[in-house]
Every structure is written in structure tokens, then in C-alpha cells.
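Enquirer: Have a peek at input-v5.txt (compact mmCIF, C-alpha atoms).
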# COMPACT_ATOMS: atom_id res chain seq x y z
CA MET T 1 0.00 0.00 0.00
CA VAL T 2 1.45 3.36 -1.06
CA ASN T 3 1.39 6.15 1.51
CA LYS T 4 0.33 9.20 -0.51
CA ASP T 5 1.51 11.50 2.28
CA LEU T 6 5.06 10.65 1.18
CA LEU T 7 4.35 11.56 -2.44
CA THR T 8 3.79 14.63 -4.56
CA LYS T 9 1.35 14.74 -7.47
CA ASN T 10 2.14 16.51 -10.72
CA ALA T 11 -0.28 17.31 -13.53
CA PHE T 12 0.54 17.19 -17.23
CA PHE T 13 -1.33 18.12 -20.39
CA LYS T 14 -3.63 20.67 -18.74
CA GLY T 15 -4.39 18.35 -15.84
CA LYS T 16 -5.49 15.42 -17.97
CA LEU T 17 -2.61 13.24 -16.77
CA GLU T 18 -1.56 12.96 -13.12
CA ALA T 19 1.62 11.37 -11.82
CA TYR T 20 2.70 10.68 -8.26
CA GLN T 21 6.37 10.54 -7.29
CA PRO T 22 8.31 10.42 -4.00
CA LYS T 23 8.82 13.66 -2.10
CA ASN T 24 12.31 12.66 -1.02
CA GLY T 25 13.25 9.66 -3.16
CA TYR T 26 14.03 9.37 -6.86
CA ARG T 27 12.11 11.91 -8.95
CA TYR T 28 11.87 11.91 -12.73
CA SER T 29 13.35 14.80 -14.70
CA ILE T 30 13.01 16.47 -18.09
CA ASP T 31 15.09 13.59 -19.50
CA SER T 32 12.08 11.28 -19.30
CA ILE T 33 9.79 13.85 -20.94
CA ILE T 34 12.23 14.26 -23.83
CA LEU T 35 12.58 10.50 -24.25
CA ALA T 36 8.82 9.88 -24.19
CA THR T 37 8.16 12.70 -26.64
CA TYR T 38 10.71 11.39 -29.12
CA LEU T 39 9.38 7.85 -28.85
CA TYR T 40 5.83 9.01 -29.50
CA SER T 41 6.96 10.61 -32.76
CA THR T 42 8.30 7.25 -33.98
CA LEU T 43 5.53 4.87 -32.86
CA SER T 44 3.48 2.70 -35.16
CA ASP T 45 0.02 1.37 -34.37
CA LYS T 46 -0.10 -1.38 -31.76
CA ASP T 47 3.62 -1.32 -31.00
CA LYS T 48 4.68 -3.40 -28.01
CA ILE T 49 7.01 -1.39 -25.78
CA ILE T 50 9.17 -2.28 -22.80
CA ASP T 51 10.53 0.37 -20.43
CA LEU T 52 13.58 -0.86 -18.53
CA GLY T 53 13.79 0.76 -15.10
CA THR T 54 10.45 2.52 -15.39
CA GLY T 55 10.67 4.24 -11.99
CA SER T 56 7.28 5.75 -11.19
CA GLY T 57 6.14 5.03 -14.75
CA ILE T 58 6.32 8.49 -16.30
CA ILE T 59 7.41 7.30 -19.77
CA PRO T 60 4.62 4.70 -20.12
CA LEU T 61 2.10 7.22 -18.76
CA ILE T 62 2.96 9.85 -21.37
CA LEU T 63 2.98 7.36 -24.24
CA ALA T 64 -0.32 5.79 -23.19
CA PHE T 65 -1.90 9.24 -22.83
CA LYS T 66 -0.85 10.27 -26.35
CA LYS T 67 -1.38 6.97 -28.20
CA LYS T 68 -4.65 5.05 -28.32
CA ASP T 69 -3.44 1.62 -29.47
CA ILE T 70 -0.39 0.78 -27.40
CA ASN T 71 0.88 -1.95 -25.08
CA ILE T 72 3.58 -1.07 -22.57
CA LEU T 73 5.40 -3.12 -19.97
CA GLY T 74 7.33 -1.17 -17.36
CA ILE T 75 9.92 -3.18 -15.44
CA GLU T 76 11.16 -1.78 -12.14
CA LEU T 77 13.51 -3.39 -9.64
CA GLN T 78 12.66 -1.23 -6.62
CA LYS T 79 9.38 -2.17 -4.98
CA SER T 80 8.74 1.32 -3.67
CA LEU T 81 8.91 2.78 -7.18
CA ALA T 82 7.04 -0.11 -8.80
CA ASP T 83 4.18 0.42 -6.34
CA ILE T 84 4.04 4.11 -7.27
CA ALA T 85 4.04 3.22 -10.96
CA LYS T 86 1.10 0.87 -10.40
CA LEU T 87 -0.72 3.64 -8.50
CA ASN T 88 -0.12 6.03 -11.41
CA VAL T 89 -1.44 3.51 -13.92
CA SER T 90 -4.64 2.91 -11.94
CA THR T 91 -5.13 6.61 -11.15
CA ASN T 92 -5.09 7.43 -14.85
CA LYS T 93 -7.24 4.41 -15.78
CA MET T 94 -4.57 2.93 -18.03
CA THR T 95 -4.51 -0.65 -16.78
CA GLU T 96 -5.51 -1.94 -20.23
CA LYS T 97 -2.50 -0.26 -21.84
CA ILE T 98 0.22 -0.45 -19.20
CA LYS T 99 1.49 -3.33 -17.06
CA ILE T 100 4.09 -2.86 -14.34
CA ALA T 101 6.38 -5.72 -13.34
CA GLU T 102 8.41 -5.53 -10.13
CA SER T 103 11.45 -7.43 -11.33
CA ASP T 104 15.15 -7.34 -12.13
CA PHE T 105 15.10 -6.99 -15.92
CA ARG T 106 18.38 -8.91 -16.13
CA LEU T 107 16.49 -11.98 -14.90
CA PHE T 108 13.12 -11.23 -16.45
CA LYS T 109 11.63 -14.27 -18.16
CA LYS T 110 10.11 -14.06 -21.60
CA ASN T 111 6.57 -12.79 -21.56
CA PRO T 112 4.50 -13.88 -24.60
CA PHE T 113 2.43 -10.68 -24.42
CA PHE T 114 5.38 -8.31 -24.62
CA ILE T 115 8.43 -10.21 -25.85
CA PRO T 116 9.69 -9.95 -28.52
CA ALA T 117 9.04 -6.22 -28.32
CA ASP T 118 8.96 -3.63 -31.09
CA ILE T 119 10.62 -1.02 -28.88
CA VAL T 120 12.74 -1.11 -25.73
CA VAL T 121 13.39 2.20 -23.99
CA SER T 122 15.48 3.14 -20.98
CA ASN T 123 16.40 6.23 -19.00
CA PRO T 124 18.98 4.32 -16.94
CA PRO T 125 21.42 5.10 -14.13
CA TYR T 126 24.03 7.43 -15.61
CA ARG T 127 26.94 7.10 -13.24
CA LYS T 128 29.42 4.32 -12.61
CA THR T 129 29.73 3.21 -9.00
CA ASP T 130 33.23 4.70 -8.81
CA SER T 131 32.08 8.05 -10.23
CA GLY T 132 30.93 10.74 -7.81
CA LYS T 133 29.44 10.55 -4.36
CA ILE T 134 26.71 7.94 -3.99
CA ASN T 135 23.50 9.36 -2.55
CA PRO T 136 22.71 8.09 0.96
CA ASN T 137 19.09 7.68 -0.13
CA SER T 138 19.15 4.13 -1.51
CA GLN T 139 16.26 4.76 -3.91
CA LYS T 140 18.11 7.69 -5.49
CA ALA T 141 21.43 5.84 -5.44
CA ILE T 142 20.13 2.81 -7.34
CA ALA T 143 18.35 5.04 -9.88
CA ARG T 144 21.43 7.22 -10.52
CA HIS T 145 24.42 4.87 -10.15
CA GLU T 146 25.11 1.51 -11.78
CA ILE T 147 24.65 -0.33 -8.50
CA LYS T 148 22.13 -2.89 -9.75
CA ALA T 149 22.56 -2.68 -13.52
CA SER T 150 25.40 -1.54 -15.77
CA LEU T 151 25.12 -0.12 -19.27
CA LYS T 152 26.13 -3.53 -20.61
CA ASP T 153 23.32 -5.18 -18.60
CA ILE T 154 20.76 -2.76 -20.03
CA ILE T 155 21.83 -3.28 -23.63
CA ARG T 156 22.00 -7.06 -23.27
CA ALA T 157 18.48 -7.06 -21.85
CA ALA T 158 17.28 -4.87 -24.71
CA LYS T 159 18.78 -7.23 -27.27
CA THR T 160 17.10 -10.24 -25.65
CA MET T 161 13.70 -8.54 -25.51
CA LEU T 162 13.67 -6.95 -28.98
CA LYS T 163 12.47 -8.57 -32.16
CA VAL T 164 14.75 -8.36 -35.21
CA SER T 165 14.56 -4.78 -36.55
CA GLY T 166 13.18 -3.66 -33.18
CA LYS T 167 14.35 -0.31 -31.84
CA PHE T 168 16.26 0.50 -28.66
CA THR T 169 16.10 4.10 -27.46
CA ILE T 170 18.11 5.55 -24.59
CA ILE T 171 19.06 8.91 -23.11
CA TYR T 172 22.58 8.97 -21.68
CA PRO T 173 25.49 11.25 -20.73
CA ALA T 174 27.28 12.68 -23.78
CA VAL T 175 30.63 11.90 -22.18
CA ARG T 176 29.82 8.19 -22.44
CA LEU T 177 28.76 8.23 -26.11
CA ALA T 178 31.69 6.13 -27.33
CA GLU T 179 31.04 3.49 -24.67
CA LEU T 180 27.33 3.47 -25.47
CA CYS T 181 27.83 3.01 -29.21
CA TYR T 182 30.46 0.32 -28.64
CA GLU T 183 28.21 -1.72 -26.32
CA MET T 184 25.29 -1.39 -28.71
CA LYS T 185 27.30 -2.53 -31.73
CA ILE T 186 28.84 -5.58 -30.07
CA SER T 187 25.37 -6.60 -28.89
CA GLY T 188 23.98 -6.44 -32.41
CA ILE T 189 22.06 -3.18 -31.96
CA GLU T 190 23.28 -0.76 -34.62
CA PRO T 191 23.22 2.95 -33.64
CA LYS T 192 21.04 4.76 -36.18
CA LEU T 193 20.29 8.16 -34.62
CA ILE T 194 22.09 10.47 -32.20
CA ARG T 195 20.76 13.78 -30.95
CA ASN T 196 22.79 16.04 -28.67
CA ILE T 197 20.91 17.65 -25.78
CA HIS T 198 22.17 21.00 -24.50
CA SER T 199 20.99 22.90 -21.43
CA GLN T 200 21.52 26.18 -23.36
CA LYS T 201 22.56 26.97 -26.93
CA ASN T 202 26.13 28.05 -26.13
CA LYS T 203 26.91 25.20 -23.76
CA GLU T 204 28.30 21.77 -24.58
CA ALA T 205 25.98 18.80 -24.79
CA LYS T 206 25.51 17.02 -21.47
CA LEU T 207 23.15 14.32 -22.71
CA ILE T 208 22.53 12.37 -25.89
CA LEU T 209 19.41 10.68 -27.17
CA THR T 210 20.38 7.58 -29.12
CA GLN T 211 18.31 5.04 -31.03
CA GLY T 212 19.56 1.77 -32.47
CA VAL T 213 18.05 -1.07 -34.48
CA LYS T 214 18.57 -4.74 -33.66
CA GLY T 215 20.23 -6.29 -36.69
CA GLY T 216 20.30 -2.94 -38.47
CA LYS T 217 22.78 -1.92 -41.16
CA SER T 218 25.55 0.55 -40.39
CA GLY T 219 24.91 4.25 -40.89
CA VAL T 220 23.99 6.81 -38.26
CA LYS T 221 22.03 10.07 -38.53
CA ILE T 222 23.06 13.06 -36.40
CA ALA T 223 19.88 15.00 -35.66
CA PRO T 224 19.75 18.76 -34.96
CA PRO T 225 20.61 19.61 -31.34
CA LEU T 226 17.90 19.94 -28.71
CA ILE T 227 18.18 23.03 -26.49
CA ILE T 228 16.31 22.87 -23.17
CA TYR T 229 16.52 26.45 -21.83
CA ASN T 230 16.46 29.93 -23.30
CA ASP T 231 18.98 32.50 -22.07
CA ASP T 232 16.48 33.74 -19.46
CA GLY T 233 16.09 30.25 -17.97
CA SER T 234 12.67 29.56 -19.47
CA TYR T 235 12.00 26.45 -21.54
CA THR T 236 12.57 26.69 -25.29
CA GLN T 237 9.52 26.38 -27.51
CA GLU T 238 10.39 22.78 -28.43
CA ILE T 239 10.40 21.79 -24.76
CA GLU T 240 7.22 23.79 -24.05
CA ASP T 241 5.48 21.92 -26.86
CA MET T 242 6.25 18.62 -25.14
CA PHE T 243 3.77 19.49 -22.40
CA ILE T 244 0.88 20.28 -24.76
Starting from the file, lay out its structure as C-alpha cells.
Expert:
Amino acid sequence: MVNKDLLTKNAFFKGKLEAYQPKNGYRYSIDSIILATYLYSTLSDKDKIIDLGTGSGIIPLILAFKKKDINILGIELQKSLADIAKLNVSTNKMTEKIKIAESDFRLFKKNPFFIPADIVVSNPPYRKTDSGKINPNSQKAIARHEIKASLKDIIRAAKTMLKVSGKFTIIYPAVRLAELCYEMKISGIEPKLIRNIHSQKNKEAKLILTQGVKGGKSGVKIAPPLIIYNDDGSYTQEIEDMFI
């Protein structure tokens, strides 16, 4: 049972979508909004989607809100976050579109309703365990550092769950781009699109959005950069449009 006193509730799309998240634990960021928005632009009818490390379920919620015919499985290791994701799904009456599995995706058994999937998506832990101070809040630590799952684990899981020609989409630190592309290629997921994400137009990219295709041919497209903030600190029009 989720204690709502320990949660905050945020509204999206003029209050038509509501999402709970922990007051003090791991909270989703603009990264997830960007990832969900990009995925929506690439979806086909009745795609089967798996979200690895779904957290409180924000990516499935946005996709299910925007797309009528969709089937999404969110896999989350941490019970506290999985319970919140289930609460969000029921609150928004999306139980027919979204299923939440409390499980370690590295050990997740094949599910005939979702695997092989058309799309696997992940907004994973960004930091290696030997990189930076680990947050004393265990929920935040597991979500931000590779304590439970490394980049290699995530990509291996994606390969196992995807059908041939299925797409893997991830948002990740720009500084780890070479590592990301290497792990994707040796796992048989060919990088096909890279988009740099900048906090402001004159600053270096901190994040990258990357999509690969299982069994795809070589050849990668570099998309125009995405700028999050204007000079005055407000969201750019492209980001603002993501909330409409």
C-alpha cells in the first residue's frame, strides 16, 4: 500500500494526466519527458514497448496518454517505485494499456504478451559506481548509479527482448557516447540516430538521445541539437510543446 503522504502529485497536459512521485526519493526529470516525446513521434500502431527501469512510470504514462493503441510493460527493480508506478497507472485508468512488473530486468523471463518487443526504452542510471558521491538515499542511489545494472546489462536485456529490426532508445550522458555506441554494436544493436541535448545553446551537450536497431545496417544520422533552456532560464519552444 502506497502512503500518498510521502508523495507529490504533478499534472501534465492541462491536468489530464496525473503522476505521483516520491517527495524525497528518486524523482523523474526532463530527460524522461524528452525521451517519451521522441518515442511518441516514432511509434506505429499497436507497438509493443518495454521500459527498462520505469521508476514511477512516467514514460509509459505519457505514451499511453498520447497513443490510443499501445501496449507497454514497465519493469522496475525497486518495490517502492514499482508500487508508485502501479498507482499512477490505476489513477489514470490505463490498466488496459500499461502493465508494471516488479522485477530485475536482467532476470526477467520471456513474456508472450510483450516479448519480442517492437521497442525497448530506458532512462537508466548514468553514473558508474566509482564516479561521484553515492546518494545516501538508496532509492536515489540505485536510480542514478550503476549499482544494480550496468550499461552492458541494459543493452544485453534490450537485445534479448527486442524482435529483429526492433528499436532500442536511450538517453545517456554525452561523455559516455563512445562506450554506449560500442556496447550497442557488439550486442547487435546498430546505432542509427544520435541527438545532442544542451541545457543552453552556447553550452556543450551534457546528454545524448540515441536510437539503435537490432540487426540494423551501419549508418547513423546526427539530428539537430535539442536546447532545453532559453537564455532567461525559461524552456525553449520545443520543450514547451512537449507538455501540450
Enquirer: Nearest to Ile154 (chain T) among T:Asp51, T:Asp83, T:Lys206, T:Ile70, with distances taken over all atoms listed in the file: which residue is it?
Expert: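 For Ile154 (chain T), the nearest of the given residues is T:Asp51.
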Enquirer: So the first atom is CA of Gly25 (chain T) and the second is CA of Asn3 (chain T); what is the distance between them in Å, to one decimal place?
Expert: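 A separation of 13.2 Å between them.
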Enquirer: Kindly provide the residues of region 38-108 of chain T that approach region 27-30 of chain T to within 9 Å, each paired with its closest atom pair and their distance in Å to one decimal, based on all atoms listed in the file, listed by chain and increasing number, as a Markdown table.
Expert:
| residue | atom | partner | partner_atom | distance |
| --- | --- | --- | --- | --- |
| T:Gly55 | CA | T:Tyr28 | CA | 7.8 |
| T:Ser56 | CA | T:Tyr28 | CA | 7.8 |
| T:Ile58 | CA | T:Tyr28 | CA | 7.4 |
Enquirer: With only C-alpha atoms as the atoms that count, which of T:Ala174, T:Leu107, T:Val121, T:Ile62 lies nearest to Gln211 (chain T)?
Expert: T:Val121
Enquirer: What are the centre and edge lengths in Å, to one decimal, of the axis-aligned box around all listed atoms of region 225-232 of chain T with 5 Å added on each side, as JSON?
Expert:
{"center_x": 18.5, "center_y": 26.7, "center_z": -25.4, "size_x": 14.3, "size_y": 24.1, "size_z": 21.9}
Enquirer: Ranking T:Val164, T:Val89, T:Ala158, T:Ala205 by minimum distance to Glu18 (chain T) and counting only C-alpha atoms, which one comes first?
Expert: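 When distances to Glu18 (chain T) are compared using only C-alpha atoms, the smallest one comes from T:Val89.
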Enquirer: With all atoms listed in the file as the atoms that count, which of T:Ser44, T:Phe65, T:Val213, T:Gln200 lies nearest to Gly15 (chain T)?
Expert: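 For Gly15 (chain T), the nearest of the given residues is T:Phe65.
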Enquirer: Which residues come within 12 Å of Gly233 (chain T), counting all atoms listed in the file, excluding same-chain residues fewer than 5 positions away, as a list in words?
Expert: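 In the requested form, the answer reads Ser199, Gln200, Lys201, Ile227 and Ile228 of chain T.
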Enquirer: Considering only C-alpha atoms, state which residue in the set T:Ser165, T:Pro125, T:Ser218, T:Thr37 is at the smallest distance from Glu240 (chain T).
Expert: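 Distance minimum relative to Glu240 (chain T) lands on T:Thr37.
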Enquirer: I'd like the contact shell of Ile189 (chain T) - 9 Å cut-off, all atoms listed in the file, skipping same-chain residues fewer than 4 positions apart - returned as a PyMOL selection string.
Expert: chain T and resi 155+158-159+165-168+181+183-185+212-216
Enquirer: Would you mind reading off the distance between CA of Leu39 (chain T) and CA of Lys163 (chain T), one decimal, in Å?
Expert: 17.0 Å
Enquirer: Counting all atoms listed in the file, which residue out of T:Thr42, T:Thr54, T:Ser122, T:Asn92 sits closest to Ala11 (chain T)?
Expert: T:Asn92
Enquirer: Within 9 Å of Asp69 (chain T), counting all atoms listed in the file, which residues qualify if same-chain residues fewer than 2 places away don't, as a PyMOL selection string?
Expert: chain T and resi 45-47+64+67+71+97
Enquirer: Could you work out how far CA of Asp118 (chain T) lies from CA of Ala157 (chain T), giving the answer in Å with one decimal?
Expert: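 Distance reported for this atom pair: 13.7 Å.
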